[in-house]
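K.L.:
Here it is, the structure, as structure tokens.
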Amino acid sequence: MTDLARHRAEATQHDGALVSLEGVTVAFGGVLALNDVSFTIAAEDGIVGIIGPNGAGKSTCLSVIAGARPATSGAVTALGRPLGRRPNATRLARAGVVRTFQIPRPFAEMTIRENVVVALASSRRARTAELVTQADELLERLGLAAMAGSPAGSLPLAMRKKLEVGRAVASSPKLLLLDEVFEGLSDTEIDDMVRILRELHADGIHLVLVEHVLRALRQLAQTLIVFEKGQVLAQGDVETVLSSAEVKEAYLGDGGGEA
Ligand SMILES: Nc1ncnc2c1ncn2[C@@H]1O[C@H](COP(=O)(O)OP(=O)(O)OP(=O)(O)O)[C@@H](O)[C@H]1O
């Protein structure tokens, strides 16, 4: 295959499937966090939410897509790259697959600005002054500009969540995987985060969110994937999935999320 043909083939694969899991199982001893899971996420699916009761395997799934945890068996691709048995999350992040964590992990002693500068420096070569300018632009977009000089460790939750998103965006993701970014936010803070994520998506960043806050997903997502007991129970457009009797029983019936 010529380089050009290979490039086209990769681009086609990438366009067709941002993420694909085929027969993926992740075992923790006797617990199957993922049990023979297969699904595909394409760009046309828009913003994708992964929902399901506690312990259903959602975060494990995100870790597998981000290359942070190998599948025990099965095949995973992200942005058209097969991840193999020994995925490398750092290399995958450089290729554009970046995840945030449920509990934000900023460098607490550093200021908000410094945290973003460090993240920017991980994905580009530029002078410090240029990185600071870029960091300030990003903080402006996130509504954190006024706090740029504050230590990251002292921030209230909503701002820590925003900073977590900002640090992820600073590393130039093509596919951003968000783990419970709305957890613990007030209604106003949820609306603010929805606006930020919509803008990122409009800028061309593909978004996949593991989330319990359905109010946010109803505003933001076009597609839902529902997990139950390590398996995919349903996948489809948001309202169709949420109105399915099977999903209501498995997910909403157990108090695992707010309708
Ligand atoms: N590192 C681990 N070691 C052992 N078991 C684990 C580990 N991580 C997850 N599990 C188990 O795997 C299953 C799936 O966990 P996972 O965190 O992926 O679920 P989840 O759907 O994200 O849950 P939640 O909504 O509560 O965050 C659970 O039974 C969990 O206890």
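If you're wondering about the labels, chains in the structure tokens are A, B, ... by order shown, residues count from 1 in each chain, ligands from 1 in order shown.
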For ligand 1, list the contacting residues at 10 Å or closer, counting only C-alpha atoms and all ligand atoms, as a ChimeraX atom specification.
P.N.:
/A:26-34,50-64,69,102,179-180,210-212,226-230,256-257
K.L.:
Just list as number ranges by chain whatever in region 105-257 of chain A DSSP marks as strand (DSSP E).
P.N.:
A: 175-179, 206-210, 223-228, 231-237
K.L.:
Could you go through region 103-241 of chain A and tell me which residues DSSP, when run on the backbone, assigns to helix (DSSP H, G or I), listing them as a ChimeraX atom specification?
P.N.:
/A:112-121,128-142,145-147,152-154,157-170,187-202,214-220,238-241
K.L.:
Show me, as an NGL selection string, the residues that have an atom within 12 Å of Val116 (chain A) when counting only C-alpha atoms, minus same-chain residues fewer than 4 positions from it.
P.N.:
:A and (106-107 or 110-112 or 120-123 or 128 or 131-140 or 142 or 144-145 or 148-149 or 152 or 162-172)
K.L.:
Using only C-alpha atoms, find the one residue out of A:Glu130, A:Gly67, A:Phe182, A:Val19 that sits nearest to Asp45 (chain A).
P.N.:
A:Val19
K.L.:
May I have the residues within 12 Å of Arg195 (chain A) as a ChimeraX atom specification, using only C-alpha atoms and disregarding those fewer than 6 positions away in the same chain?
P.N.:
/A:141-143,162,188-189,201-202,216,219-220
K.L.:
Rounded to one decimal place, report the CA of Leu175 (chain A)-CA of Thr240 (chain A) distance in Å.
P.N.:
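These two atoms are separated by 24.8 Å.
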K.L.:
Quick one: everything within 8 Å of Ala221 (chain A), counting only C-alpha atoms, minus sequence neighbours fewer than 2 positions away in the same chain. Send it as a compact mmCIF listing (two decimals) with N, CA and C atoms, in the first residue's frame.
P.N.:
```
# COMPACT_ATOMS: atom_id res chain seq x y z
N GLY A 46 -22.64 12.52 16.96
CA GLY A 46 -22.63 13.77 17.71
C GLY A 46 -21.99 13.57 19.07
N ILE A 47 -22.49 14.33 20.04
CA ILE A 47 -21.96 14.18 21.41
C ILE A 47 -22.61 12.93 22.02
N VAL A 48 -21.77 12.07 22.59
CA VAL A 48 -22.24 10.76 23.06
C VAL A 48 -22.15 10.68 24.58
N GLY A 49 -23.26 10.26 25.20
CA GLY A 49 -23.27 10.02 26.64
C GLY A 49 -23.28 8.53 26.93
N LEU A 217 -27.20 15.70 29.96
CA LEU A 217 -27.11 14.94 28.70
C LEU A 217 -28.27 15.26 27.77
N ARG A 218 -29.44 15.49 28.36
CA ARG A 218 -30.61 15.85 27.53
C ARG A 218 -30.33 17.14 26.76
N GLN A 219 -29.63 18.06 27.38
CA GLN A 219 -29.31 19.33 26.71
C GLN A 219 -28.19 19.17 25.70
N THR A 223 -26.54 11.17 21.28
CA THR A 223 -26.59 9.70 21.32
C THR A 223 -26.28 9.22 22.74
N LEU A 224 -26.97 8.16 23.14
CA LEU A 224 -26.67 7.54 24.45
C LEU A 224 -26.31 6.07 24.26
N VAL A 238 -31.01 10.11 22.05
CA VAL A 238 -31.23 10.30 23.49
C VAL A 238 -32.67 10.00 23.91
```
K.L.:
Nearest residue to Val98 (chain A) out of A:Leu176, A:Leu83, A:Leu18, A:Leu200, using only C-alpha atoms?
P.N.:
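Closest to Val98 (chain A), using only C-alpha atoms: A:Leu176.
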K.L.:
Tell me, as a PDB file with C-alpha atoms, in the first residue's frame, which residues lie within 9 Å of Ala78 (chain A), counting only C-alpha atoms; anything in the same chain fewer than 2 positions away does not count.
P.N.:
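The result, stored in result37.pdb:
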```pdb
ATOM      1  CA  HIS A  14     -11.226   7.394  11.390  1.00  0.00           C
ATOM      2  CA  ALA A  17     -15.500   5.039  13.603  1.00  0.00           C
ATOM      3  CA  LEU A  18     -14.055   7.327  16.226  1.00  0.00           C
ATOM      4  CA  VAL A  19     -14.197   4.463  18.674  1.00  0.00           C
ATOM      5  CA  SER A  20     -14.885   0.782  18.227  1.00  0.00           C
ATOM      6  CA  LEU A  21     -15.011  -2.044  20.736  1.00  0.00           C
ATOM      7  CA  ILE A  65     -10.800   3.721  25.132  1.00  0.00           C
ATOM      8  CA  ALA A  66      -8.182   6.093  26.586  1.00  0.00           C
ATOM      9  CA  GLY A  67      -5.591   3.302  26.569  1.00  0.00           C
ATOM     10  CA  VAL A  76     -10.402  -1.695  20.707  1.00  0.00           C
ATOM     11  CA  GLY A  80      -8.732   4.454  13.895  1.00  0.00           C
ATOM     12  CA  ARG A  81      -5.775   3.164  15.957  1.00  0.00           C
ATOM     13  CA  PRO A  82      -5.889  -0.405  17.219  1.00  0.00           C
ATOM     14  CA  LEU A  83      -4.864  -0.214  20.881  1.00  0.00           C
ATOM     15  CA  LEU A  92      -2.623   7.904  22.587  1.00  0.00           C
ATOM     16  CA  VAL A  97      -7.413  10.792  22.691  1.00  0.00           C
ATOM     17  CA  LEU A 175     -11.524  12.946  21.029  1.00  0.00           C
TER      18      LEU A 175
END
```
K.L.:
CA of Ile103 (chain A) to CA of Ser154 (chain A): how many Å, to one decimal?
P.N.:
14.4 Å
K.L.:
For a quick check of understanding, using only C-alpha atoms, which of A:Ala234, A:Ala93, A:Ile196, A:Ala119 has the smallest distance to Pro173 (chain A)?
P.N.:
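Closest to Pro173 (chain A), using only C-alpha atoms: A:Ala93.
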K.L.:
Using only C-alpha atoms, which of the listed residues (A:Gly184, A:Asp203, A:Phe101, A:Ile225) sits closest to Asp237 (chain A)?
P.N.:
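Residue with the minimum atom-to-atom distance to Asp237 (chain A): A:Ile225.
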K.L.:
Excluding Val24 (chain A) and any residue of its chain fewer than 6 positions from it, enumerate the residues within 9 Å of it, using only C-alpha atoms, and give them as a tab-separated table (two decimals) with C-alpha atoms, in the first residue's frame.
P.N.:
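The resulting file, result05.tsv, is reproduced below:
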```tsv
chain	number	residue	atom	x	y	z
A	34	LEU	CA	-16.92	-5.32	30.83
A	35	ASN	CA	-18.39	-8.54	29.51
A	36	ASP	CA	-18.10	-9.05	25.73
A	37	VAL	CA	-18.89	-5.43	24.87
A	38	SER	CA	-19.20	-4.33	21.24
A	71	ALA	CA	-8.84	-5.17	27.52
A	72	THR	CA	-8.50	-8.70	28.88
A	73	SER	CA	-9.80	-9.85	25.50
A	74	GLY	CA	-11.38	-8.29	22.42
A	75	ALA	CA	-10.34	-5.46	20.11
A	76	VAL	CA	-10.40	-1.70	20.71
```
